[in-house]
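Visitor: Just one file: upload.tsv, with TSV, N, CA and C atoms.
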```
chain	number	residue	atom	x	y	z
A	1	GLN	N	-48.95	48.85	24.94
A	1	GLN	CA	-48.45	47.85	25.87
A	1	GLN	C	-49.08	48.07	27.24
A	2	VAL	N	-49.40	46.96	27.88
A	2	VAL	CA	-50.05	47.02	29.18
A	2	VAL	C	-49.02	47.35	30.26
A	3	GLN	N	-49.39	48.23	31.17
A	3	GLN	CA	-48.54	48.54	32.33
A	3	GLN	C	-49.01	47.70	33.51
A	4	LEU	N	-48.08	47.06	34.20
A	4	LEU	CA	-48.42	46.14	35.29
A	4	LEU	C	-47.72	46.60	36.57
A	5	VAL	N	-48.48	46.65	37.66
A	5	VAL	CA	-47.93	47.03	38.96
A	5	VAL	C	-48.25	45.91	39.95
A	6	GLU	N	-47.21	45.37	40.54
A	6	GLU	CA	-47.34	44.23	41.45
A	6	GLU	C	-47.21	44.68	42.90
A	7	SER	N	-47.77	43.87	43.77
A	7	SER	CA	-47.60	44.08	45.21
A	7	SER	C	-47.85	42.77	45.93
A	8	GLY	N	-47.42	42.73	47.20
A	8	GLY	CA	-47.77	41.59	48.04
A	8	GLY	C	-46.66	40.64	48.39
A	9	GLY	N	-45.47	40.84	47.85
A	9	GLY	CA	-44.38	39.94	48.21
A	9	GLY	C	-43.90	40.20	49.63
A	10	GLY	N	-42.96	39.38	50.08
A	10	GLY	CA	-42.42	39.57	51.41
A	10	GLY	C	-41.75	38.33	51.94
A	11	LEU	N	-41.48	38.36	53.24
A	11	LEU	CA	-40.83	37.25	53.93
A	11	LEU	C	-41.88	36.49	54.74
A	12	VAL	N	-41.88	35.18	54.60
A	12	VAL	CA	-42.84	34.36	55.31
A	12	VAL	C	-42.17	33.05	55.72
A	13	GLN	N	-42.64	32.47	56.79
A	13	GLN	CA	-42.10	31.19	57.22
A	13	GLN	C	-42.68	30.06	56.37
A	14	ALA	N	-41.96	28.98	56.27
A	14	ALA	CA	-42.45	27.80	55.56
A	14	ALA	C	-43.80	27.38	56.14
A	15	GLY	N	-44.71	27.05	55.25
A	15	GLY	CA	-46.06	26.69	55.67
A	15	GLY	C	-47.02	27.85	55.69
A	16	GLY	N	-46.50	29.06	55.55
A	16	GLY	CA	-47.32	30.25	55.57
A	16	GLY	C	-47.95	30.56	54.23
A	17	SER	N	-48.62	31.72	54.18
A	17	SER	CA	-49.34	32.12	52.98
A	17	SER	C	-49.00	33.56	52.60
A	18	LEU	N	-49.12	33.84	51.32
A	18	LEU	CA	-49.00	35.19	50.80
A	18	LEU	C	-49.96	35.34	49.63
A	19	ARG	N	-50.36	36.58	49.37
A	19	ARG	CA	-51.14	36.85	48.17
A	19	ARG	C	-50.47	37.97	47.39
A	20	LEU	N	-50.19	37.67	46.14
A	20	LEU	CA	-49.64	38.66	45.22
A	20	LEU	C	-50.77	39.27	44.40
A	21	SER	N	-50.62	40.56	44.11
A	21	SER	CA	-51.60	41.25	43.27
A	21	SER	C	-50.88	41.92	42.11
A	22	CYS	N	-51.56	42.00	41.00
A	22	CYS	CA	-51.02	42.67	39.82
A	22	CYS	C	-52.15	43.44	39.16
A	23	THR	N	-52.01	44.76	39.14
A	23	THR	CA	-53.03	45.60	38.53
A	23	THR	C	-52.53	46.12	37.20
A	24	ALA	N	-53.38	45.98	36.19
A	24	ALA	CA	-53.01	46.33	34.83
A	24	ALA	C	-53.73	47.58	34.37
A	25	SER	N	-53.03	48.37	33.59
A	25	SER	CA	-53.65	49.52	32.94
A	25	SER	C	-54.11	49.09	31.56
A	26	GLY	N	-55.00	49.86	30.96
A	26	GLY	CA	-55.40	49.56	29.61
A	26	GLY	C	-56.71	48.81	29.54
A	27	SER	N	-57.32	48.85	28.37
A	27	SER	CA	-58.65	48.30	28.19
A	27	SER	C	-58.66	46.85	27.72
A	28	THR	N	-57.48	46.27	27.49
A	28	THR	CA	-57.44	44.91	26.95
A	28	THR	C	-57.35	43.84	28.01
A	29	PHE	N	-57.33	44.23	29.29
A	29	PHE	CA	-57.11	43.28	30.37
A	29	PHE	C	-58.12	42.14	30.32
A	30	SER	N	-59.38	42.46	30.08
A	30	SER	CA	-60.42	41.45	30.17
A	30	SER	C	-60.30	40.38	29.10
A	31	THR	N	-59.59	40.66	28.02
A	31	THR	CA	-59.46	39.70	26.93
A	31	THR	C	-58.07	39.07	26.87
A	32	THR	N	-57.25	39.33	27.87
A	32	THR	CA	-55.85	38.92	27.84
A	32	THR	C	-55.57	37.80	28.83
A	33	THR	N	-54.80	36.80	28.39
A	33	THR	CA	-54.34	35.78	29.32
A	33	THR	C	-53.25	36.38	30.21
A	34	MET	N	-53.43	36.23	31.51
A	34	MET	CA	-52.49	36.77	32.49
A	34	MET	C	-51.79	35.63	33.22
A	35	GLY	N	-50.64	35.94	33.77
A	35	GLY	CA	-49.94	34.88	34.49
A	35	GLY	C	-48.88	35.42	35.42
A	36	TRP	N	-48.35	34.50	36.20
A	36	TRP	CA	-47.24	34.79	37.11
A	36	TRP	C	-46.08	33.87	36.76
A	37	TYR	N	-44.92	34.48	36.59
A	37	TYR	CA	-43.67	33.76	36.42
A	37	TYR	C	-42.83	33.98	37.68
A	38	ARG	N	-41.85	33.15	37.86
A	38	ARG	CA	-40.89	33.38	38.94
A	38	ARG	C	-39.50	33.01	38.49
A	39	GLN	N	-38.52	33.64	39.14
A	39	GLN	CA	-37.12	33.36	38.82
A	39	GLN	C	-36.33	33.33	40.12
A	40	ALA	N	-35.77	32.17	40.41
A	40	ALA	CA	-34.91	32.00	41.57
A	40	ALA	C	-33.46	32.23	41.15
A	41	PRO	N	-32.60	32.58	42.08
A	41	PRO	CA	-31.20	32.82	41.74
A	41	PRO	C	-30.57	31.64	41.03
A	42	GLY	N	-29.94	31.91	39.89
A	42	GLY	CA	-29.27	30.86	39.14
A	42	GLY	C	-30.17	29.97	38.33
A	43	LYS	N	-31.47	30.29	38.29
A	43	LYS	CA	-32.41	29.46	37.55
A	43	LYS	C	-33.11	30.27	36.48
A	44	GLN	N	-33.68	29.55	35.51
A	44	GLN	CA	-34.45	30.21	34.47
A	44	GLN	C	-35.81	30.65	35.00
A	45	ARG	N	-36.33	31.68	34.37
A	45	ARG	CA	-37.67	32.13	34.72
A	45	ARG	C	-38.67	31.05	34.28
A	46	GLU	N	-39.62	30.73	35.16
A	46	GLU	CA	-40.60	29.71	34.84
A	46	GLU	C	-42.01	30.23	35.06
A	47	LEU	N	-42.94	29.68	34.27
A	47	LEU	CA	-44.35	30.02	34.44
A	47	LEU	C	-44.89	29.26	35.65
A	48	VAL	N	-45.46	30.00	36.58
A	48	VAL	CA	-46.03	29.41	37.78
A	48	VAL	C	-47.50	29.11	37.58
A	49	ALA	N	-48.23	30.11	37.07
A	49	ALA	CA	-49.67	29.95	36.89
A	49	ALA	C	-50.15	30.94	35.85
A	50	ALA	N	-51.20	30.56	35.13
A	50	ALA	CA	-51.79	31.43	34.13
A	50	ALA	C	-53.31	31.30	34.19
A	51	ILE	N	-53.99	32.35	33.74
A	51	ILE	CA	-55.45	32.32	33.69
A	51	ILE	C	-55.89	33.03	32.42
A	52	THR	N	-56.73	32.35	31.65
A	52	THR	CA	-57.22	32.93	30.41
A	52	THR	C	-58.34	33.93	30.67
A	53	SER	N	-58.75	34.61	29.63
A	53	SER	CA	-59.85	35.57	29.78
A	53	SER	C	-61.14	34.87	30.19
A	54	GLY	N	-61.26	33.60	29.84
A	54	GLY	CA	-62.45	32.83	30.21
A	54	GLY	C	-62.34	32.11	31.53
A	55	GLY	N	-61.20	32.28	32.21
A	55	GLY	CA	-61.04	31.70	33.54
A	55	GLY	C	-60.41	30.32	33.58
A	56	VAL	N	-59.93	29.82	32.45
A	56	VAL	CA	-59.22	28.54	32.45
A	56	VAL	C	-57.83	28.76	33.06
A	57	THR	N	-57.44	27.90	33.97
A	57	THR	CA	-56.18	28.08	34.67
A	57	THR	C	-55.18	26.98	34.35
A	58	LYS	N	-53.92	27.32	34.58
A	58	LYS	CA	-52.82	26.38	34.36
A	58	LYS	C	-51.80	26.60	35.44
A	59	TYR	N	-51.29	25.51	36.03
A	59	TYR	CA	-50.29	25.61	37.08
A	59	TYR	C	-49.11	24.71	36.77
A	60	THR	N	-47.94	25.15	37.16
A	60	THR	CA	-46.81	24.25	37.09
A	60	THR	C	-46.98	23.19	38.18
A	61	ASP	N	-46.46	22.00	37.92
A	61	ASP	CA	-46.73	20.87	38.81
A	61	ASP	C	-46.34	21.14	40.26
A	62	SER	N	-45.27	21.87	40.47
A	62	SER	CA	-44.75	22.04	41.83
A	62	SER	C	-45.65	22.90	42.73
A	63	VAL	N	-46.61	23.61	42.13
A	63	VAL	CA	-47.48	24.47	42.96
A	63	VAL	C	-48.93	24.02	42.95
A	64	LYS	N	-49.23	22.98	42.21
A	64	LYS	CA	-50.62	22.50	42.16
A	64	LYS	C	-51.11	22.12	43.54
A	65	GLY	N	-52.31	22.57	43.86
A	65	GLY	CA	-52.88	22.29	45.17
A	65	GLY	C	-52.47	23.28	46.24
A	66	ARG	N	-51.49	24.13	45.94
A	66	ARG	CA	-51.01	25.11	46.94
A	66	ARG	C	-51.26	26.55	46.50
A	67	PHE	N	-51.15	26.81	45.20
A	67	PHE	CA	-51.33	28.15	44.67
A	67	PHE	C	-52.65	28.23	43.91
A	68	THR	N	-53.25	29.43	43.95
A	68	THR	CA	-54.48	29.68	43.20
A	68	THR	C	-54.37	31.01	42.49
A	69	ILE	N	-54.58	30.99	41.19
A	69	ILE	CA	-54.59	32.23	40.43
A	69	ILE	C	-56.04	32.62	40.16
A	70	SER	N	-56.32	33.91	40.24
A	70	SER	CA	-57.66	34.40	39.98
A	70	SER	C	-57.55	35.81	39.39
A	71	ARG	N	-58.67	36.28	38.87
A	71	ARG	CA	-58.66	37.61	38.28
A	71	ARG	C	-59.97	38.31	38.58
A	72	ASP	N	-59.90	39.62	38.74
A	72	ASP	CA	-61.06	40.46	38.93
A	72	ASP	C	-61.07	41.45	37.77
A	73	LYS	N	-61.93	41.21	36.79
A	73	LYS	CA	-61.94	42.05	35.61
A	73	LYS	C	-62.40	43.47	35.93
A	74	ALA	N	-63.25	43.61	36.91
A	74	ALA	CA	-63.73	44.96	37.28
A	74	ALA	C	-62.60	45.81	37.84
A	75	LYS	N	-61.61	45.16	38.45
A	75	LYS	CA	-60.48	45.88	39.05
A	75	LYS	C	-59.21	45.78	38.20
A	76	ASN	N	-59.31	45.10	37.04
A	76	ASN	CA	-58.13	44.91	36.19
A	76	ASN	C	-56.97	44.29	36.98
A	77	THR	N	-57.30	43.35	37.83
A	77	THR	CA	-56.29	42.80	38.73
A	77	THR	C	-56.28	41.28	38.68
A	78	VAL	N	-55.08	40.73	38.71
A	78	VAL	CA	-54.91	39.29	38.80
A	78	VAL	C	-54.17	39.00	40.11
A	79	TYR	N	-54.56	37.92	40.74
A	79	TYR	CA	-54.01	37.55	42.05
A	79	TYR	C	-53.33	36.18	41.98
A	80	LEU	N	-52.37	36.02	42.87
A	80	LEU	CA	-51.79	34.69	43.07
A	80	LEU	C	-51.79	34.44	44.58
A	81	HIS	N	-52.69	33.55	45.01
A	81	HIS	CA	-52.74	33.20	46.42
A	81	HIS	C	-51.89	31.97	46.63
A	82	MET	N	-50.94	32.09	47.54
A	82	MET	CA	-49.95	31.03	47.76
A	82	MET	C	-50.08	30.50	49.18
A	83	ASP	N	-50.40	29.23	49.28
A	83	ASP	CA	-50.50	28.56	50.58
A	83	ASP	C	-49.40	27.51	50.72
A	84	SER	N	-49.20	27.07	51.95
A	84	SER	CA	-48.23	26.01	52.23
A	84	SER	C	-46.89	26.29	51.56
A	85	LEU	N	-46.43	27.50	51.72
A	85	LEU	CA	-45.19	27.90	51.04
A	85	LEU	C	-44.00	27.09	51.52
A	86	LYS	N	-43.10	26.84	50.58
A	86	LYS	CA	-41.89	26.08	50.84
A	86	LYS	C	-40.68	26.95	50.53
A	87	ALA	N	-39.54	26.55	51.07
A	87	ALA	CA	-38.31	27.31	50.81
A	87	ALA	C	-38.02	27.39	49.31
A	88	GLU	N	-38.36	26.35	48.58
A	88	GLU	CA	-38.08	26.34	47.14
A	88	GLU	C	-39.01	27.26	46.35
A	89	ASP	N	-39.99	27.87	47.00
A	89	ASP	CA	-40.82	28.88	46.35
A	89	ASP	C	-40.16	30.24	46.36
A	90	THR	N	-39.06	30.37	47.06
A	90	THR	CA	-38.34	31.64	47.13
A	90	THR	C	-37.87	32.05	45.74
A	91	ALA	N	-38.26	33.26	45.33
A	91	ALA	CA	-37.94	33.75	44.00
A	91	ALA	C	-38.48	35.17	43.85
A	92	VAL	N	-38.10	35.79	42.76
A	92	VAL	CA	-38.77	37.02	42.34
A	92	VAL	C	-39.93	36.61	41.45
A	93	TYR	N	-41.10	37.11	41.78
A	93	TYR	CA	-42.31	36.77	41.03
A	93	TYR	C	-42.69	37.95	40.13
A	94	TYR	N	-42.97	37.61	38.88
A	94	TYR	CA	-43.28	38.61	37.86
A	94	TYR	C	-44.68	38.36	37.29
A	95	CYS	N	-45.44	39.41	37.20
A	95	CYS	CA	-46.73	39.36	36.51
A	95	CYS	C	-46.48	39.52	35.01
A	96	ASN	N	-47.26	38.84	34.21
A	96	ASN	CA	-47.09	38.90	32.75
A	96	ASN	C	-48.45	38.98	32.07
A	97	ALA	N	-48.53	39.79	31.05
A	97	ALA	CA	-49.79	39.96	30.32
A	97	ALA	C	-49.62	39.55	28.87
A	98	GLY	N	-50.66	38.89	28.36
A	98	GLY	CA	-50.64	38.53	26.95
A	98	GLY	C	-49.95	37.22	26.66
A	99	ILE	N	-50.02	36.29	27.61
A	99	ILE	CA	-49.39	34.98	27.40
A	99	ILE	C	-50.03	34.29	26.20
A	100	TYR	N	-49.18	33.70	25.36
A	100	TYR	CA	-49.66	32.98	24.18
A	100	TYR	C	-49.95	31.52	24.56
A	101	GLY	N	-50.98	30.98	23.97
A	101	GLY	CA	-51.29	29.58	24.20
A	101	GLY	C	-52.59	29.19	23.54
A	102	ILE	N	-52.95	27.92	23.72
A	102	ILE	CA	-54.19	27.42	23.14
A	102	ILE	C	-54.96	26.65	24.21
A	103	ILE	N	-56.24	26.52	23.98
A	103	ILE	CA	-57.09	25.67	24.82
A	103	ILE	C	-57.55	24.50	23.98
A	104	SER	N	-57.31	23.31	24.48
A	104	SER	CA	-57.72	22.10	23.77
A	104	SER	C	-58.30	21.13	24.78
A	105	GLY	N	-59.52	20.70	24.52
A	105	GLY	CA	-60.15	19.77	25.45
A	105	GLY	C	-60.31	20.34	26.84
A	106	GLY	N	-60.47	21.66	26.91
A	106	GLY	CA	-60.67	22.31	28.20
A	106	GLY	C	-59.40	22.56	28.98
A	107	ILE	N	-58.26	22.22	28.40
A	107	ILE	CA	-56.97	22.40	29.05
A	107	ILE	C	-56.20	23.50	28.33
A	108	TYR	N	-55.59	24.37	29.13
A	108	TYR	CA	-54.82	25.47	28.56
A	108	TYR	C	-53.37	25.07	28.43
A	109	TYR	N	-52.81	25.31	27.24
A	109	TYR	CA	-51.42	25.00	26.95
A	109	TYR	C	-50.69	26.30	26.60
A	110	PRO	N	-49.98	26.88	27.55
A	110	PRO	CA	-49.24	28.10	27.25
A	110	PRO	C	-48.01	27.79	26.39
A	111	SER	N	-47.66	28.72	25.53
A	111	SER	CA	-46.50	28.49	24.67
A	111	SER	C	-45.37	29.47	24.93
A	112	ARG	N	-45.71	30.75	25.12
A	112	ARG	CA	-44.66	31.70	25.44
A	112	ARG	C	-45.24	32.90	26.16
A	113	ALA	N	-44.36	33.65	26.80
A	113	ALA	CA	-44.79	34.80	27.60
A	113	ALA	C	-45.25	35.94	26.72
A	114	GLY	N	-46.08	36.79	27.30
A	114	GLY	CA	-46.48	38.00	26.63
A	114	GLY	C	-45.41	39.08	26.73
A	115	ALA	N	-45.68	40.21	26.11
A	115	ALA	CA	-44.67	41.28	26.02
A	115	ALA	C	-44.61	42.16	27.26
A	116	SER	N	-45.64	42.16	28.07
A	116	SER	CA	-45.71	43.09	29.19
A	116	SER	C	-45.39	42.39	30.51
A	117	TRP	N	-44.44	43.01	31.24
A	117	TRP	CA	-44.00	42.45	32.52
A	117	TRP	C	-44.13	43.48	33.64
A	118	GLY	N	-44.43	42.97	34.82
A	118	GLY	CA	-44.36	43.81	36.00
A	118	GLY	C	-42.91	43.97	36.44
A	119	GLN	N	-42.72	44.76	37.49
A	119	GLN	CA	-41.37	45.05	37.96
A	119	GLN	C	-40.78	43.92	38.80
A	120	GLY	N	-41.60	43.00	39.23
A	120	GLY	CA	-41.14	41.88	40.04
A	120	GLY	C	-41.32	42.16	41.52
A	121	THR	N	-41.67	41.13	42.26
A	121	THR	CA	-41.80	41.26	43.71
A	121	THR	C	-41.14	40.05	44.36
A	122	GLN	N	-40.33	40.30	45.38
A	122	GLN	CA	-39.57	39.24	46.02
A	122	GLN	C	-40.44	38.47	47.00
A	123	VAL	N	-40.39	37.16	46.88
A	123	VAL	CA	-41.02	36.26	47.86
A	123	VAL	C	-39.90	35.42	48.48
A	124	THR	N	-39.76	35.51	49.78
A	124	THR	CA	-38.74	34.75	50.49
A	124	THR	C	-39.42	33.89	51.55
A	125	VAL	N	-39.16	32.59	51.46
A	125	VAL	CA	-39.74	31.64	52.40
A	125	VAL	C	-38.62	31.07	53.26
A	126	SER	N	-38.71	31.31	54.54
A	126	SER	CA	-37.67	30.82	55.45
A	126	SER	C	-38.07	29.45	55.99
A	127	SER	N	-37.08	28.59	56.07
A	127	SER	CA	-37.36	27.21	56.53
A	127	SER	C	-37.01	27.05	58.00
```
What does the file become when written as structure tokens?

Guide:
Amino acid sequence: QVQLVESGGGLVQAGGSLRLSCTASGSTFSTTTMGWYRQAPGKQRELVAAITSGGVTKYTDSVKGRFTISRDKAKNTVYLHMDSLKAEDTAVYYCNAGIYGIISGGIYYPSRAGASWGQGTQVTVSS
């Protein structure tokens, strides 16, 4: 199982930016779909963004145009750059490895989360 260590959360004003990082242990990182989920109080955990081993990305509608997911295979690290943050982005963000899904017509369709989770990092956006 992949070990994931996250960093980069914090408190930011609405309209600000943050970058989350997730570093993975193990040799399978380069072939694994990685992603970021988030969970706000009283809500279900949702997939925010995912990136396949080939670099195909997927975003939930509410963050399109504001968030960017990327990965550095040499550093075994996946990033989530968040711009134009809103109060509704406030949540605990979790890195996930091994997301299941398919690519069809150049579009990635995730189906379920992988088995490996980071410890979570709090992102709080003040309005």

Visitor: With DSSP run on the backbone, what are the helix (DSSP H, G or I) residues within segment 35-89 of chain A? I'd like them as a list in words.

Guide: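 Reading the DSSP output for segment 35-89 of chain A, helix (DSSP H, G or I) covers Asp61, Ser62, Val63, Lys73, Ala74, Lys75, Ala87, Glu88 and Asp89 of chain A.
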
Visitor: Write out as a list in words the residues lying within 6.5 Å of segment 1-15 of chain A, counting only N, CA and C atoms and excluding same-chain residues fewer than 6 positions away.

Guide: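 After dropping sequence-adjacent residues, the list is Ser21, Cys22, Thr23, Ala24, Ser25, Gly26, Asp83, Ser84, Leu85, Lys86, Ala87, Ser116, Trp117, Gly118, Gln119, Gly120, Thr121, Gln122, Val123, Thr124, Val125, Ser126 and Ser127 of chain A.
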
Visitor: Extract, using only C-alpha atoms, all DNA, RNA and protein residues at most 9 Å from segment 103-107 of chain A, discarding same-chain residues fewer than 4 positions from it, and format them as a list of chain:residue names.

Guide: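 Contacts, with the query itself left out: A:Val56, A:Thr57, A:Lys58.
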
Visitor: Taking 5 positions as the minimum chain separation for residues in the same chain, which residues sit within 8 Å of Tyr37 of chain A when counting only C-alpha atoms? Answer as a short mmCIF file (atom, residue, chain, number, x, y, z; two decimals) with N, CA and C atoms, in the coordinates of the input.

Guide:
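Final file, selection_5.cif:
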```cif
data_model
loop_
_atom_site.label_atom_id
_atom_site.label_comp_id
_atom_site.auth_asym_id
_atom_site.auth_seq_id
_atom_site.Cartn_x
_atom_site.Cartn_y
_atom_site.Cartn_z
N ARG A 45 -36.33 31.68 34.37
CA ARG A 45 -37.67 32.13 34.72
C ARG A 45 -38.67 31.05 34.28
N GLU A 46 -39.62 30.73 35.16
CA GLU A 46 -40.60 29.71 34.84
C GLU A 46 -42.01 30.23 35.06
N LEU A 47 -42.94 29.68 34.27
CA LEU A 47 -44.35 30.02 34.44
C LEU A 47 -44.89 29.26 35.65
N VAL A 48 -45.46 30.00 36.58
CA VAL A 48 -46.03 29.41 37.78
C VAL A 48 -47.50 29.11 37.58
N ALA A 49 -48.23 30.11 37.07
CA ALA A 49 -49.67 29.95 36.89
C ALA A 49 -50.15 30.94 35.85
N TYR A 93 -41.10 37.11 41.78
CA TYR A 93 -42.31 36.77 41.03
C TYR A 93 -42.69 37.95 40.13
N TYR A 94 -42.97 37.61 38.88
CA TYR A 94 -43.28 38.61 37.86
C TYR A 94 -44.68 38.36 37.29
N CYS A 95 -45.44 39.41 37.20
CA CYS A 95 -46.73 39.36 36.51
C CYS A 95 -46.48 39.52 35.01
N ASN A 96 -47.26 38.84 34.21
CA ASN A 96 -47.09 38.90 32.75
C ASN A 96 -48.45 38.98 32.07
#
```

Visitor: What is the distance between atom N of Ile99 of chain A and atom CA of Pro41 of chain A, in Å to one decimal?

Guide: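 Separation between atom N of Ile99 of chain A and atom CA of Pro41 of chain A: 23.8 Å.
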